[in-house]
Amino acid sequence: QVQLLESGGGTVQAGGSLRLSCAASGRTFSNYALGWFRQAPGREREFVSAMRWSGGSTYYADSAKGRFTISRDIAKNMVYLQMNSLKPEDTAVYYCGAARYFYGTRWPTNSHEYDYWGQGTQVTVSS
């Protein structure tokens with residue numbers, strides 16, 4: 001049974017940083033991308049970043065470029081999202097997801113492309 005478990009959310013002031021973690025278990029992810037999405041109240045789930053589990057290539061939404069960094073620890077089956085220079089508009093529930101992904105194809109940036117999801121972790125950025 002695949003499980004994705006996020007942690008690391010919290011409340012931070014604008015300009016601050018948070019590091020989200022996602023513990024993945026239940027299968028091998030060699031043909032998967034692990035991604036981060038976020039969802040603010042009344043809005044659709046929005047792509048933030050993804051990383052190809054094998055090889056480590058990464059992809060970011062424009063809103064995340066230059067501020068967020070996705071990384072992984074293969075030995076621990078962990079994916080991280082380092083978020084710097086946080087803004088109030090980054091406030092949302094952040095979700096970790098896993099999608100089938102093969103190198104050279106279009107990155108999975110739509111939530112319906114993801115097979116597995118975690119329960120989410122709340123990030124609140126105060127102004």
# chains A, B, ... in the order shown; residues from 1 in each chain; ligands from 1

call {"tool": "closest_atom_pairs", "arguments": {"of": "segment 22-86 of chain A", "to": "segment 11-17 of chain A", "cutoff": "12 Å", "atoms": "only C-alpha atoms", "output": "Markdown table"}}
result
| residue | atom | partner | partner_atom | distance |
| --- | --- | --- | --- | --- |
| A:Arg67 | CA | A:Ser17 | CA | 9.5 |
| A:Phe68 | CA | A:Ser17 | CA | 9.5 |
| A:Thr69 | CA | A:Ser17 | CA | 11.3 |
| A:Leu81 | CA | A:Ser17 | CA | 10.4 |
| A:Gln82 | CA | A:Ser17 | CA | 7.4 |
| A:Met83 | CA | A:Ser17 | CA | 5.4 |
| A:Asn84 | CA | A:Ser17 | CA | 4.4 |
| A:Ser85 | CA | A:Gly15 | CA | 4.2 |
| A:Leu86 | CA | A:Gly15 | CA | 4.9 |

call {"tool": "select_by_dssp", "arguments": {"residues": "chain A", "states": "helix (DSSP H, G or I)", "output": "MDAnalysis selection string"}}
result
chainID A and resid 88:90 111:113

call {"tool": "select_by_dssp", "arguments": {"residues": "chain A", "states": "strand (DSSP E)", "output": "PyMOL selection string"}}
result
chain A and resi 3-7+10-13+18-25+32-39+46-52+58-60+68-73+78-83+92-100+116-117+121-126

call {"tool": "residues_around", "arguments": {"residues": "Ala99 of chain A", "least_positions_apart": "6", "cutoff": "8 Å", "atoms": "only C-alpha atoms", "output": "ChimeraX atom specification"}}
result
/A:32-35,108,113-116

call {"tool": "residues_around", "arguments": {"residues": "segment 89-98 of chain A", "least_positions_apart": "5", "cutoff": "7 Å", "atoms": "only C-alpha atoms", "output": "list in words"}}
result
Leu4, Glu6, Cys22, Tyr32, Ala33, Leu34, Gly35, Trp36, Phe37, Arg38, Gln39, Ala40, Tyr114, Asp115, Tyr116, Trp117, Gly118, Gln119, Gly120, Thr121, Gln122, Val123, Thr124 and Val125 of chain A

call {"tool": "closest_residue", "arguments": {"among": "A:Thr105, A:Arg43, A:Trp53, A:Asn31", "to": "Asn77 of chain A", "atoms": "only C-alpha atoms"}}
result
A:Trp53

call {"tool": "closest_residue", "arguments": {"among": "A:Arg52, A:Lys65, A:Lys87, A:Arg27", "to": "Tyr103 of chain A", "atoms": "only C-alpha atoms"}}
result
A:Arg52

call {"tool": "closest_residue", "arguments": {"among": "A:Arg106, A:Pro88, A:Ala23, A:Ala75", "to": "Thr58 of chain A", "atoms": "only C-alpha atoms"}}
result
A:Arg106
